[in-house]
file coords_30.cif (mmCIF, C-alpha atoms)
data_query
#
loop_
_atom_site.label_atom_id
_atom_site.label_comp_id
_atom_site.auth_asym_id
_atom_site.auth_seq_id
_atom_site.Cartn_x
_atom_site.Cartn_y
_atom_site.Cartn_z
CA MET A 1 80.12 124.99 86.93
CA GLY A 2 79.33 122.82 89.95
CA LEU A 3 79.41 125.67 92.51
CA ASP A 4 75.94 126.88 93.55
CA LEU A 5 76.62 130.61 93.52
CA ILE A 6 73.24 131.63 94.92
CA SER A 7 73.54 129.24 97.85
CA VAL A 8 77.06 130.45 98.60
CA ARG A 9 75.98 134.08 98.54
CA ARG A 10 73.05 133.43 100.87
CA GLN A 11 75.18 131.53 103.35
CA LEU A 12 77.75 134.33 103.38
CA HIS A 13 74.96 136.87 103.79
CA GLN A 14 73.95 135.24 107.06
CA ILE A 15 77.38 135.57 108.73
CA PRO A 16 78.52 139.20 108.31
CA GLU A 17 81.45 140.19 110.52
CA LEU A 18 83.19 143.51 111.13
CA GLY A 19 86.73 144.38 110.07
CA PHE A 20 89.41 142.00 111.37
CA GLU A 21 86.69 139.88 113.01
CA GLU A 22 85.90 137.80 109.89
CA ILE A 23 86.75 134.45 111.47
CA LYS A 24 83.61 132.57 110.38
CA THR A 25 83.79 134.18 106.96
CA GLN A 26 87.41 133.16 106.43
CA SER A 27 86.66 129.60 107.55
CA TYR A 28 83.64 129.29 105.27
CA LEU A 29 85.50 130.62 102.23
CA LEU A 30 88.46 128.30 102.74
CA LYS A 31 86.14 125.30 103.14
CA VAL A 32 84.45 126.14 99.83
CA ILE A 33 87.82 126.40 98.09
CA GLU A 34 88.80 123.00 99.53
CA THR A 35 85.94 121.46 97.49
CA PHE A 36 87.31 122.72 94.17
CA PRO A 37 89.02 120.32 91.74
CA HIS A 38 92.71 120.47 90.84
CA GLN A 39 93.95 121.35 94.31
CA GLU A 40 97.48 120.83 93.00
CA ARG A 41 97.09 124.12 91.09
CA ILE A 42 96.11 126.06 94.24
CA GLU A 43 98.34 127.68 96.85
CA ILE A 44 96.89 129.51 99.86
CA LYS A 45 98.48 131.87 102.37
CA THR A 46 96.45 133.29 105.26
CA TRP A 47 96.87 136.80 106.69
CA LYS A 48 94.95 137.82 109.82
CA THR A 49 91.31 137.15 108.92
CA GLY A 50 91.94 137.34 105.18
CA PHE A 51 93.94 135.21 102.79
CA PHE A 52 95.55 134.89 99.37
CA VAL A 53 94.81 132.24 96.75
CA LYS A 54 97.31 131.68 93.94
CA LEU A 55 96.44 129.68 90.85
CA LYS A 56 99.76 128.54 89.42
CA GLY A 57 100.44 129.24 85.76
CA THR A 58 102.26 126.92 83.39
CA ASN A 59 105.07 129.34 82.51
CA PRO A 60 104.42 132.62 84.31
CA THR A 61 106.05 135.89 83.40
CA ARG A 62 103.42 138.00 85.25
CA THR A 63 100.99 137.68 88.13
CA LEU A 64 97.44 138.92 87.57
CA GLY A 65 95.61 140.07 90.70
CA TYR A 66 91.95 140.19 91.67
CA ARG A 67 90.70 141.52 95.00
CA THR A 68 87.48 141.00 96.92
CA ASP A 69 86.56 142.48 100.30
CA ILE A 70 84.99 140.23 102.94
CA ASP A 71 83.68 142.30 105.88
CA GLY A 72 80.22 143.54 106.83
CA LEU A 73 78.80 146.62 108.52
CA PRO A 74 77.36 147.41 111.99
CA ILE A 75 73.80 147.71 110.63
CA ILE A 76 70.62 145.93 111.80
CA GLU A 77 69.22 144.15 108.74
CA GLU A 78 65.62 144.95 107.80
CA THR A 79 65.29 143.15 104.46
CA GLY A 80 62.93 140.42 105.69
CA LEU A 81 64.77 137.86 103.57
CA ASP A 82 64.64 134.17 104.45
CA PHE A 83 68.44 134.23 104.67
CA THR A 84 68.73 137.38 106.76
CA SER A 85 71.79 138.00 108.93
CA ARG A 86 72.15 135.69 111.92
CA HIS A 87 74.64 138.08 113.54
CA GLU A 88 72.70 140.67 115.51
CA GLY A 89 73.54 144.23 114.54
CA ARG A 90 75.67 143.10 111.57
CA MET A 91 74.77 143.09 107.88
CA HIS A 92 76.36 142.75 104.47
CA ALA A 93 74.92 146.14 103.57
CA CYS A 94 77.62 146.98 101.03
CA GLY A 95 77.42 143.84 98.92
CA HIS A 96 80.61 142.13 100.04
CA ASP A 97 78.68 138.86 100.16
CA LEU A 98 78.22 139.20 96.40
CA HIS A 99 81.85 140.27 95.96
CA MET A 100 83.12 137.14 97.72
CA THR A 101 80.74 134.86 95.82
CA ILE A 102 81.90 136.29 92.51
CA ALA A 103 85.56 135.74 93.42
CA LEU A 104 84.84 132.12 94.38
CA GLY A 105 82.92 131.67 91.15
CA VAL A 106 85.82 132.98 89.09
CA ILE A 107 88.29 130.65 90.81
CA ALA A 108 85.98 127.67 90.27
CA ARG A 109 85.48 128.58 86.59
CA LEU A 110 89.20 128.93 85.95
CA LEU A 111 89.94 125.58 87.59
CA GLU A 112 87.54 123.95 85.15
CA GLN A 113 89.70 125.23 82.29
CA PRO A 114 93.23 124.27 81.29
CA PRO A 115 95.74 126.25 83.38
CA LEU A 116 96.80 129.65 82.10
CA GLN A 117 100.39 130.62 81.42
CA GLN A 118 100.33 133.44 83.97
CA ASP A 119 99.93 133.14 87.74
CA LEU A 120 96.67 134.46 89.19
CA LEU A 121 96.42 135.94 92.68
CA PHE A 122 93.05 136.31 94.42
CA VAL A 123 93.13 138.62 97.44
CA PHE A 124 90.39 138.09 100.05
CA GLN A 125 90.79 141.32 102.01
CA PRO A 126 89.30 142.03 105.44
CA ALA A 127 88.31 145.36 106.97
CA GLU A 128 87.47 147.37 103.86
CA GLU A 129 84.69 149.14 105.75
CA GLY A 130 87.18 150.04 108.46
CA PRO A 131 89.70 150.42 109.87
CA GLY A 132 91.16 149.54 106.46
CA GLY A 133 92.71 146.23 105.47
CA ALA A 134 94.22 146.99 102.07
CA LEU A 135 97.32 148.91 103.16
CA PRO A 136 98.49 146.54 105.92
CA MET A 137 97.68 143.53 103.72
CA MET A 138 99.87 144.96 100.96
CA GLN A 139 102.68 145.41 103.47
CA SER A 140 102.52 141.76 104.55
CA ASP A 141 105.23 139.27 103.68
CA GLN A 142 102.64 137.08 101.97
CA PHE A 143 101.64 139.83 99.56
CA GLN A 144 105.20 140.90 98.88
CA GLU A 145 106.15 137.32 97.98
CA TRP A 146 103.23 136.98 95.55
CA ARG A 147 102.97 140.65 94.56
CA PRO A 148 100.90 140.96 91.36
CA ASP A 149 101.75 143.05 88.30
CA MET A 150 98.12 144.03 87.70
CA MET A 151 95.10 144.39 90.03
CA MET A 152 91.39 144.56 89.35
CA ALA A 153 88.22 144.59 91.46
CA LEU A 154 84.53 145.42 91.31
CA HIS A 155 81.89 146.97 93.54
CA ILE A 156 78.15 146.49 93.30
CA ALA A 157 76.05 149.51 92.29
CA PRO A 158 72.36 149.48 93.29
CA GLU A 159 71.51 152.29 90.88
CA TYR A 160 72.57 150.46 87.70
CA PRO A 161 70.46 147.78 85.95
CA THR A 162 71.39 144.20 86.82
CA GLY A 163 74.61 143.06 85.17
CA THR A 164 75.58 146.51 83.91
CA ILE A 165 79.31 147.22 84.01
CA ALA A 166 80.27 150.85 84.52
CA THR A 167 83.74 152.32 84.76
CA LYS A 168 85.99 155.05 83.43
CA PRO A 169 89.66 155.99 83.11
CA GLY A 170 91.11 158.05 85.93
CA LEU A 171 89.31 158.91 89.16
CA LEU A 172 86.45 156.58 90.13
CA PHE A 173 86.30 156.93 93.96
CA ALA A 174 87.40 159.89 96.05
CA ASN A 175 90.02 160.34 98.77
CA THR A 176 88.28 159.95 102.12
CA SER A 177 89.10 160.57 105.77
CA GLU A 178 87.22 160.01 108.98
CA LEU A 179 86.96 163.00 111.32
CA PHE A 180 86.67 162.90 115.12
CA ILE A 181 86.86 166.14 117.10
CA ASP A 182 86.82 166.26 120.91
CA LEU A 183 86.28 169.55 122.72
CA LYS A 184 87.15 169.91 126.41
CA GLY A 185 86.14 172.98 128.40
CA LYS A 186 84.69 173.67 131.84
CA GLY A 187 81.28 172.50 132.99
CA GLY A 188 78.98 174.23 135.40
CA HIS A 189 75.44 175.16 136.42
CA ALA A 190 73.21 176.40 133.61
CA ALA A 191 72.38 179.50 135.70
CA PHE A 192 76.03 180.61 135.77
CA PRO A 193 77.32 180.37 132.19
CA HIS A 194 79.96 183.05 132.84
CA LEU A 195 81.76 180.65 135.18
CA ALA A 196 82.00 177.85 132.60
CA ASN A 197 83.24 177.19 129.06
CA ASP A 198 80.30 175.64 127.22
CA MET A 199 81.41 172.97 124.76
CA VAL A 200 77.97 172.59 123.19
CA VAL A 201 78.19 176.20 122.07
CA ALA A 202 81.83 175.80 121.03
CA GLY A 203 80.99 172.67 119.06
CA ALA A 204 78.08 174.42 117.35
CA HIS A 205 80.34 177.28 116.30
CA LEU A 206 82.94 174.85 114.95
CA ILE A 207 80.35 172.91 112.95
CA THR A 208 79.17 176.13 111.30
CA GLN A 209 82.72 177.23 110.54
CA LEU A 210 83.66 173.87 109.03
CA GLN A 211 81.01 174.39 106.37
CA SER A 212 83.03 177.30 105.00
CA ILE A 213 85.92 175.03 104.01
CA VAL A 214 84.24 173.71 100.87
CA SER A 215 82.47 176.96 100.00
CA ARG A 216 85.45 179.25 100.58
CA ARG A 217 88.68 177.22 100.52
CA VAL A 218 88.13 174.53 97.87
CA ASN A 219 88.50 175.61 94.24
CA PRO A 220 84.97 175.93 92.77
CA LEU A 221 86.12 173.76 89.85
CA ASP A 222 87.16 171.04 92.30
CA SER A 223 84.90 169.13 94.70
CA GLY A 224 85.00 168.42 98.40
CA VAL A 225 82.78 167.35 101.28
CA VAL A 226 82.98 168.05 105.02
CA THR A 227 80.10 166.40 106.84
CA ILE A 228 79.49 166.20 110.58
CA GLY A 229 77.14 163.29 111.02
CA LYS A 230 77.10 162.90 114.80
CA ILE A 231 77.23 165.27 117.79
CA THR A 232 77.43 164.25 121.44
CA GLY A 233 77.83 166.51 124.44
CA GLY A 234 76.52 167.31 127.88
CA SER A 235 74.70 165.25 130.49
CA ARG A 236 71.36 167.03 131.18
CA GLN A 237 69.40 170.13 130.28
CA ASN A 238 70.49 172.34 133.18
CA VAL A 239 74.20 171.52 133.17
CA ILE A 240 76.70 173.34 130.97
CA ALA A 241 78.60 170.76 128.96
CA GLU A 242 82.24 170.25 129.89
CA SER A 243 82.89 168.22 126.74
CA ALA A 244 81.51 167.57 123.27
CA ARG A 245 82.42 165.27 120.40
CA LEU A 246 81.88 165.76 116.69
CA GLU A 247 82.13 162.85 114.25
CA GLY A 248 82.17 163.19 110.50
CA THR A 249 83.95 162.65 107.22
CA ILE A 250 86.07 164.56 104.70
CA ARG A 251 86.09 163.71 101.00
CA ALA A 252 88.12 165.18 98.15
CA LEU A 253 88.84 164.47 94.51
CA THR A 254 92.61 164.90 94.85
CA PRO A 255 95.16 164.04 97.57
CA GLU A 256 96.25 167.69 97.55
CA SER A 257 92.72 168.92 98.27
CA MET A 258 92.42 166.40 101.08
CA GLU A 259 95.57 167.70 102.78
CA MET A 260 94.42 171.30 102.36
CA MET A 261 91.01 170.52 103.87
CA LYS A 262 92.59 168.76 106.85
CA SER A 263 94.82 171.78 107.43
CA GLU A 264 91.75 174.03 107.39
CA VAL A 265 90.02 171.84 109.97
CA GLU A 266 93.08 172.16 112.21
CA ARG A 267 93.25 175.94 111.74
CA GLN A 268 89.59 176.41 112.59
CA ALA A 269 89.97 174.18 115.65
CA LYS A 270 92.81 176.42 116.89
CA GLY A 271 90.50 179.42 116.52
CA ILE A 272 87.83 177.71 118.60
CA GLU A 273 90.42 176.93 121.28
CA MET A 274 91.30 180.63 121.54
CA ALA A 275 87.73 181.89 121.33
CA PHE A 276 86.29 179.50 123.92
CA ASP A 277 89.34 178.91 126.11
CA CYS A 278 89.12 175.17 125.56
CA GLU A 279 91.14 172.23 124.27
CA VAL A 280 90.32 170.69 120.87
CA THR A 281 91.73 167.32 119.80
CA ILE A 282 91.42 166.04 116.23
CA ASP A 283 91.68 162.45 115.02
CA PHE A 284 91.43 161.85 111.27
CA GLY A 285 90.86 158.14 111.82
CA SER A 286 90.95 155.84 108.79
CA ASN A 287 92.03 157.38 105.50
CA TYR A 288 91.42 155.86 102.07
CA TYR A 289 93.34 156.79 98.97
CA GLN A 290 91.49 157.55 95.76
CA VAL A 291 90.55 154.76 93.35
CA TYR A 292 92.28 155.90 90.17
CA ASN A 293 91.94 153.61 87.15
CA HIS A 294 95.13 153.34 85.11
CA GLN A 295 94.66 154.48 81.51
CA GLN A 296 96.44 151.56 79.83
CA GLU A 297 94.72 148.89 81.93
CA ILE A 298 91.22 150.33 81.54
CA GLU A 299 91.70 150.74 77.78
CA LYS A 300 92.77 147.11 77.52
CA PHE A 301 89.64 146.04 79.40
CA LEU A 302 87.38 148.24 77.27
CA SER A 303 88.93 146.86 74.07
CA PHE A 304 88.32 143.33 75.33
CA ALA A 305 84.71 144.22 76.17
CA ARG A 306 84.07 145.63 72.69
CA LEU A 307 85.67 142.59 71.04
CA HIS A 308 83.43 140.23 73.04
CA ASN A 309 80.22 142.29 72.82
CA ILE A 310 80.25 143.14 76.53
CA GLU A 311 78.50 146.45 77.09
CA VAL A 312 80.34 148.86 79.36
CA VAL A 313 78.81 152.23 80.22
CA GLU A 314 80.77 155.26 81.33
CA ALA A 315 80.60 155.91 85.05
CA LYS A 316 80.98 159.21 86.85
CA GLU A 317 83.43 159.73 89.67
CA ALA A 318 81.86 159.32 93.11
CA MET A 319 82.62 160.71 96.55
CA THR A 320 82.47 157.21 98.02
CA GLY A 321 85.65 155.75 99.49
CA GLU A 322 87.30 152.37 98.84
CA ASP A 323 90.65 151.19 100.13
CA PHE A 324 91.28 149.34 96.87
CA GLY A 325 92.80 152.69 95.95
CA TYR A 326 95.94 151.69 97.86
CA PHE A 327 96.44 148.76 95.50
CA LEU A 328 96.07 151.03 92.47
CA LYS A 329 98.44 153.58 93.97
CA GLU A 330 101.28 151.06 93.57
CA ILE A 331 100.04 148.55 90.98
CA PRO A 332 98.48 149.23 87.56
CA GLY A 333 94.86 148.17 87.35
CA PHE A 334 91.25 149.24 87.57
CA MET A 335 87.89 148.84 89.31
CA PHE A 336 84.38 148.80 87.90
CA TRP A 337 80.80 149.07 89.14
CA LEU A 338 78.45 146.09 88.77
CA GLY A 339 74.75 146.92 88.51
CA VAL A 340 72.45 145.04 90.92
CA SER A 341 69.11 146.93 90.61
CA SER A 342 68.30 147.55 94.26
CA GLU A 343 65.78 150.18 95.30
CA SER A 344 67.75 150.62 98.53
CA GLY A 345 71.28 151.95 98.37
CA LEU A 346 74.62 150.92 99.78
CA HIS A 347 74.98 150.96 103.58
CA THR A 348 71.21 150.78 104.11
CA SER A 349 69.37 148.19 106.20
CA THR A 350 67.17 147.16 103.26
CA LEU A 351 69.79 146.73 100.51
CA ASN A 352 68.67 143.78 98.38
CA PRO A 353 70.96 143.24 95.36
CA ASP A 354 69.69 141.24 92.40
CA GLU A 355 71.58 137.93 92.53
CA ALA A 356 71.30 137.60 88.75
CA ALA A 357 74.30 139.94 88.52
CA ILE A 358 76.58 137.29 90.08
CA PRO A 359 76.95 134.92 87.10
CA VAL A 360 77.32 137.89 84.76
CA ALA A 361 80.30 139.17 86.73
CA VAL A 362 81.83 135.70 87.07
CA ASP A 363 81.65 135.23 83.31
CA VAL A 364 83.17 138.61 82.44
CA ILE A 365 86.01 138.40 84.96
CA ALA A 366 86.89 134.78 84.19
CA ARG A 367 86.94 135.49 80.46
CA TYR A 368 89.06 138.60 80.92
CA LEU A 369 91.60 136.89 83.18
CA THR A 370 91.76 134.05 80.67
CA PHE A 371 92.45 136.60 77.95
CA LEU A 372 95.22 138.23 80.00
CA GLY A 373 96.62 134.88 81.09
CA HIS A 374 97.54 133.76 77.60
CA PRO A 375 100.85 134.71 75.92
CA HIS A 376 99.26 136.97 73.29
CA SER A 377 98.02 139.40 75.93
#
call {"tool": "encode", "arguments": {"input": "coords_30.cif", "output": "structure tokens"}}
result
Amino acid sequence: MGLDLISVRRQLHQIPELGFEEIKTQSYLLKVIETFPHQERIEIKTWKTGFFVKLKGTNPTRTLGYRTDIDGLPIIEETGLDFTSRHEGRMHACGHDLHMTIALGVIARLLEQPPLQQDLLFVFQPAEEGPGGALPMMQSDQFQEWRPDMMMALHIAPEYPTGTIATKPGLLFANTSELFIDLKGKGGHAAFPHLANDMVVAGAHLITQLQSIVSRRVNPLDSGVVTIGKITGGSRQNVIAESARLEGTIRALTPESMEMMKSEVERQAKGIEMAFDCEVTIDFGSNYYQVYNHQQEIEKFLSFARLHNIEVVEAKEAMTGEDFGYFLKEIPGFMFWLGVSSESGLHTSTLNPDEAAIPVAVDVIARYLTFLGHPHS
């Protein structure tokens, strides 16, 4: 394969952009695809800062879909790599630079082969890290025109050895929701607390109460998370805070548990309003639907892996969120983890995935899509 995968990954790593700002990234990716042979087999449709690439089949009866995410995170990189991020305060700290490189590698590999019978659709999706690009991209006219019959994707996993593939039937990633709570009361002098409604105290009470949702409202045989990761409030040490803001996340293993936990947050907020004579506003922000691997599709992939001596280990469900779940909510398919052996984890400033995992993933995905793209499959 003529494409230098390592060079591509390193160039992408240097230009991370946030959700719906991936202008340089989109331009770079499209320029790489323009260098591929057999352009007559390629159709491209752009959508915002993402795009779709269709490889035309010879006699299609199905469209096989593969998705990669393309955005970065608002993190200052501290890897010390020669190809560190050139965008201050931005980093590919979730491995989307590898994800994009793998997708390009698969396209290049398939164009080197005779065309498949089935159409192939590659989805280069923006804003996975937020505010969420999957759902609006699926609702686009471009996607509806080329809507696939099957979808697959991967995500790097620092904790697995390089090249390891890990997946499972059913739930892989949890339902997730952002959580923003604003409290508005009455400020005043610290010496006269009885004349004010202190939102630092109100916020502290609410944080404590929120911890009872998982311990007392979620079924012990189920799982849930309510985390407040950021608190802001007040202006100085001798002024009672008129306002406070809590920022956090909710995670649940089922959509039903997610709705119940949100209702509990709202109920407890109403109690705080009454107890502290204040106003509480809740914003659940971006919500991601669970990544739930379809039984038939994952079994087909596992059978293929066994037949071709590809080792796949069983993963455990994780409380991480991924908006690829919206694709799987409507279209049969699956996602898997790809091991990259990094001491630092996802969303850290020192994440350093092993690039040796890239050709492994390209080979497995290209072979599997080739298998599905022939009439016998």
call {"tool": "resolve_selection", "arguments": {"input": "coords_30.cif", "expression": "the PyMOL selection byres ((chain A and resi 29) around 10)", "output": "list in words"}}
result
Val8, Leu12, Lys24, Thr25, Gln26, Ser27, Tyr28, Leu30, Lys31, Val32, Ile33, Glu34, Gly50, Phe51, Ile70, Met100, Thr101, Leu104 and Phe124 of chain A
call {"tool": "resolve_selection", "arguments": {"input": "coords_30.cif", "expression": "the PyMOL selection byres ((chain A and resi 234) around 10)", "output": "list in words"}}
result
Gly187, Asp198, Met199, Val200, Thr232, Gly233, Ser235, Arg236, Gln237, Asn238, Val239, Ile240, Ala241, Glu242, Ser243, Ala244 and Arg245 of chain A
call {"tool": "residues_around", "arguments": {"input": "coords_30.cif", "residues": "Gly229 of chain A", "least_positions_apart": "2", "cutoff": "9 Å", "atoms": "all atoms listed in the file", "output": "list in words"}}
result
Thr227, Ile231, Leu246, Glu247, Gly248 and Thr249 of chain A
call {"tool": "axis_aligned_box", "arguments": {"input": "coords_30.cif", "around": "segment 93-106 of chain A", "padding_each_side": "6 Å", "output": "AutoDock Vina command-line options"}}
result
--center_x 80.4 --center_y 139.3 --center_z 96.3 --size_x 22.9 --size_y 27.3 --size_z 26.5
call {"tool": "resolve_selection", "arguments": {"input": "coords_30.cif", "expression": "the PyMOL selection byres ((chain A and resi 78) around 8)", "output": "list of chain:residue names"}}
result
A:Ile76, A:Glu77, A:Thr79, A:Gly80, A:Ser349, A:Thr350
call {"tool": "atom_distance", "arguments": {"input": "coords_30.cif", "atom1": "atom CA of Pro332 of chain A", "atom2": "atom CA of Gln290 of chain A"}}
result
13.6 Å
call {"tool": "residues_near_point", "arguments": {"input": "coords_30.cif", "point": "(93.1, 154.9, 107.9)", "cutoff": "8 Å", "atoms": "all atoms listed in the file", "output": "PyMOL selection string"}}
result
chain A and resi 130-132+177-178+284-288
call {"tool": "residues_around", "arguments": {"input": "coords_30.cif", "residues": "Arg90 of chain A", "least_positions_apart": "6", "cutoff": "8 Å", "atoms": "all atoms listed in the file", "output": "PyMOL selection string"}}
result
chain A and resi 16-18+72-77
call {"tool": "residues_around", "arguments": {"input": "coords_30.cif", "residues": "Thr84 of chain A", "least_positions_apart": "6", "cutoff": "10 Å", "atoms": "all atoms listed in the file", "output": "PyMOL selection string"}}
result
chain A and resi 10-11+13-15+77-78+91-92
call {"tool": "residues_around", "arguments": {"input": "coords_30.cif", "residues": "Lys270 of chain A", "least_positions_apart": "3", "cutoff": "12 Å", "atoms": "all atoms listed in the file", "output": "list in words"}}
result
Ile181, Leu183, Ala202, Leu206, Gln209, Ser263, Glu264, Val265, Glu266, Arg267, Glu273, Met274, Ala275, Phe276, Asp277, Cys278, Glu279, Val280, Thr281 and Ile282 of chain A
call {"tool": "atom_distance", "arguments": {"input": "coords_30.cif", "atom1": "atom CA of Gly57 of chain A", "atom2": "atom CA of Thr35 of chain A"}}
result
20.2 Å
call {"tool": "closest_residue", "arguments": {"input": "coords_30.cif", "among": "A:Gln117, A:Asn352, A:Ser342, A:Asn293", "to": "Glu330 of chain A", "atoms": "all atoms listed in the file"}}
result
A:Asn293
call {"tool": "atom_distance", "arguments": {"input": "coords_30.cif", "atom1": "atom CA of Phe324 of chain A", "atom2": "atom CA of Leu346 of chain A"}}
result
17.0 Å
call {"tool": "residues_around", "arguments": {"input": "coords_30.cif", "residues": "Glu128 of chain A", "least_positions_apart": "4", "cutoff": "8 Å", "atoms": "all atoms listed in the file", "output": "PyMOL selection string"}}
result
chain A and resi 19+69-71+132-134+322-323
call {"tool": "closest_atom_pairs", "arguments": {"input": "coords_30.cif", "of": "segment 22-141 of chain A", "to": "segment 158-164 of chain A", "cutoff": "12 Å", "atoms": "all atoms listed in the file", "output": "Markdown table"}}
result
| residue | atom | partner | partner_atom | distance |
| --- | --- | --- | --- | --- |
| A:Ala93 | CA | A:Pro158 | CA | 11.1 |
| A:Cys94 | CA | A:Pro158 | CA | 9.7 |
| A:Gly95 | CA | A:Pro158 | CA | 9.4 |
call {"tool": "closest_residue", "arguments": {"input": "coords_30.cif", "among": "A:Phe20, A:Gly321, A:Thr63, A:Leu81", "to": "Leu116 of chain A", "atoms": "only C-alpha atoms"}}
result
A:Thr63
call {"tool": "closest_residue", "arguments": {"input": "coords_30.cif", "among": "A:Gly333, A:Pro114, A:Gly325, A:Pro136", "to": "Lys56 of chain A", "atoms": "all atoms listed in the file"}}
result
A:Pro114
call {"tool": "decode", "arguments": {"input": "coords_30.cif", "residues": "segment 76-96 of chain A", "atoms": "N, CA and C atoms", "output": "mmCIF file, in the first residue's frame"}}
result
data_model
loop_
_atom_site.group_PDB
_atom_site.id
_atom_site.type_symbol
_atom_site.label_atom_id
_atom_site.label_comp_id
_atom_site.auth_asym_id
_atom_site.auth_seq_id
_atom_site.Cartn_x
_atom_site.Cartn_y
_atom_site.Cartn_z
ATOM 1 N N ILE A 76 -4.199 20.627 26.735
ATOM 2 C CA ILE A 76 -2.837 21.041 26.396
ATOM 3 C C ILE A 76 -1.950 19.796 26.348
ATOM 4 N N GLU A 77 -1.374 19.519 25.200
ATOM 5 C CA GLU A 77 -0.573 18.302 25.030
ATOM 6 C C GLU A 77 0.739 18.386 25.808
ATOM 7 N N GLU A 78 1.090 17.290 26.472
ATOM 8 C CA GLU A 78 2.327 17.211 27.248
ATOM 9 C C GLU A 78 3.096 15.926 26.950
ATOM 10 N N THR A 79 2.991 15.449 25.709
ATOM 11 C CA THR A 79 3.668 14.203 25.337
ATOM 12 C C THR A 79 5.149 14.405 25.043
ATOM 13 N N GLY A 80 5.536 15.607 24.610
ATOM 14 C CA GLY A 80 6.919 15.848 24.222
ATOM 15 C C GLY A 80 7.295 15.240 22.891
ATOM 16 N N LEU A 81 6.324 14.803 22.107
ATOM 17 C CA LEU A 81 6.600 14.186 20.815
ATOM 18 C C LEU A 81 7.088 15.223 19.806
ATOM 19 N N ASP A 82 7.866 14.761 18.825
ATOM 20 C CA ASP A 82 8.345 15.653 17.776
ATOM 21 C C ASP A 82 7.184 16.219 16.949
ATOM 22 N N PHE A 83 6.084 15.476 16.908
ATOM 23 C CA PHE A 83 4.929 15.895 16.108
ATOM 24 C C PHE A 83 3.772 16.323 17.012
ATOM 25 N N THR A 84 4.112 17.007 18.086
ATOM 26 C CA THR A 84 3.096 17.446 19.041
ATOM 27 C C THR A 84 2.116 18.418 18.381
ATOM 28 N N SER A 85 0.988 18.623 19.010
ATOM 29 C CA SER A 85 -0.053 19.512 18.488
ATOM 30 C C SER A 85 0.480 20.914 18.240
ATOM 31 N N ARG A 86 0.126 21.457 17.075
ATOM 32 C CA ARG A 86 0.478 22.842 16.751
ATOM 33 C C ARG A 86 -0.662 23.796 17.107
ATOM 34 N N HIS A 87 -1.782 23.254 17.550
ATOM 35 C CA HIS A 87 -2.933 24.068 17.934
ATOM 36 C C HIS A 87 -2.961 24.190 19.458
ATOM 37 N N GLU A 88 -2.636 25.364 19.940
ATOM 38 C CA GLU A 88 -2.522 25.578 21.382
ATOM 39 C C GLU A 88 -3.817 25.222 22.109
ATOM 40 N N GLY A 89 -3.669 24.422 23.166
ATOM 41 C CA GLY A 89 -4.831 24.041 23.960
ATOM 42 C C GLY A 89 -5.708 22.993 23.319
ATOM 43 N N ARG A 90 -5.243 22.363 22.250
ATOM 44 C CA ARG A 90 -6.003 21.322 21.556
ATOM 45 C C ARG A 90 -5.118 20.087 21.412
ATOM 46 N N MET A 91 -5.727 18.912 21.524
ATOM 47 C CA MET A 91 -4.948 17.673 21.414
ATOM 48 C C MET A 91 -5.848 16.527 20.967
ATOM 49 N N HIS A 92 -5.280 15.634 20.179
ATOM 50 C CA HIS A 92 -5.967 14.375 19.873
ATOM 51 C C HIS A 92 -5.708 13.413 21.033
ATOM 52 N N ALA A 93 -6.397 13.675 22.136
ATOM 53 C CA ALA A 93 -6.183 12.919 23.366
ATOM 54 C C ALA A 93 -7.133 11.735 23.500
ATOM 55 N N CYS A 94 -7.896 11.474 22.443
ATOM 56 C CA CYS A 94 -8.790 10.307 22.478
ATOM 57 C C CYS A 94 -8.503 9.366 21.312
ATOM 58 N N GLY A 95 -7.442 9.652 20.558
ATOM 59 C CA GLY A 95 -7.033 8.734 19.507
ATOM 60 C C GLY A 95 -7.731 8.878 18.180
ATOM 61 N N HIS A 96 -8.447 9.989 17.980
ATOM 62 C CA HIS A 96 -9.156 10.138 16.715
ATOM 63 C C HIS A 96 -8.197 10.308 15.532
#
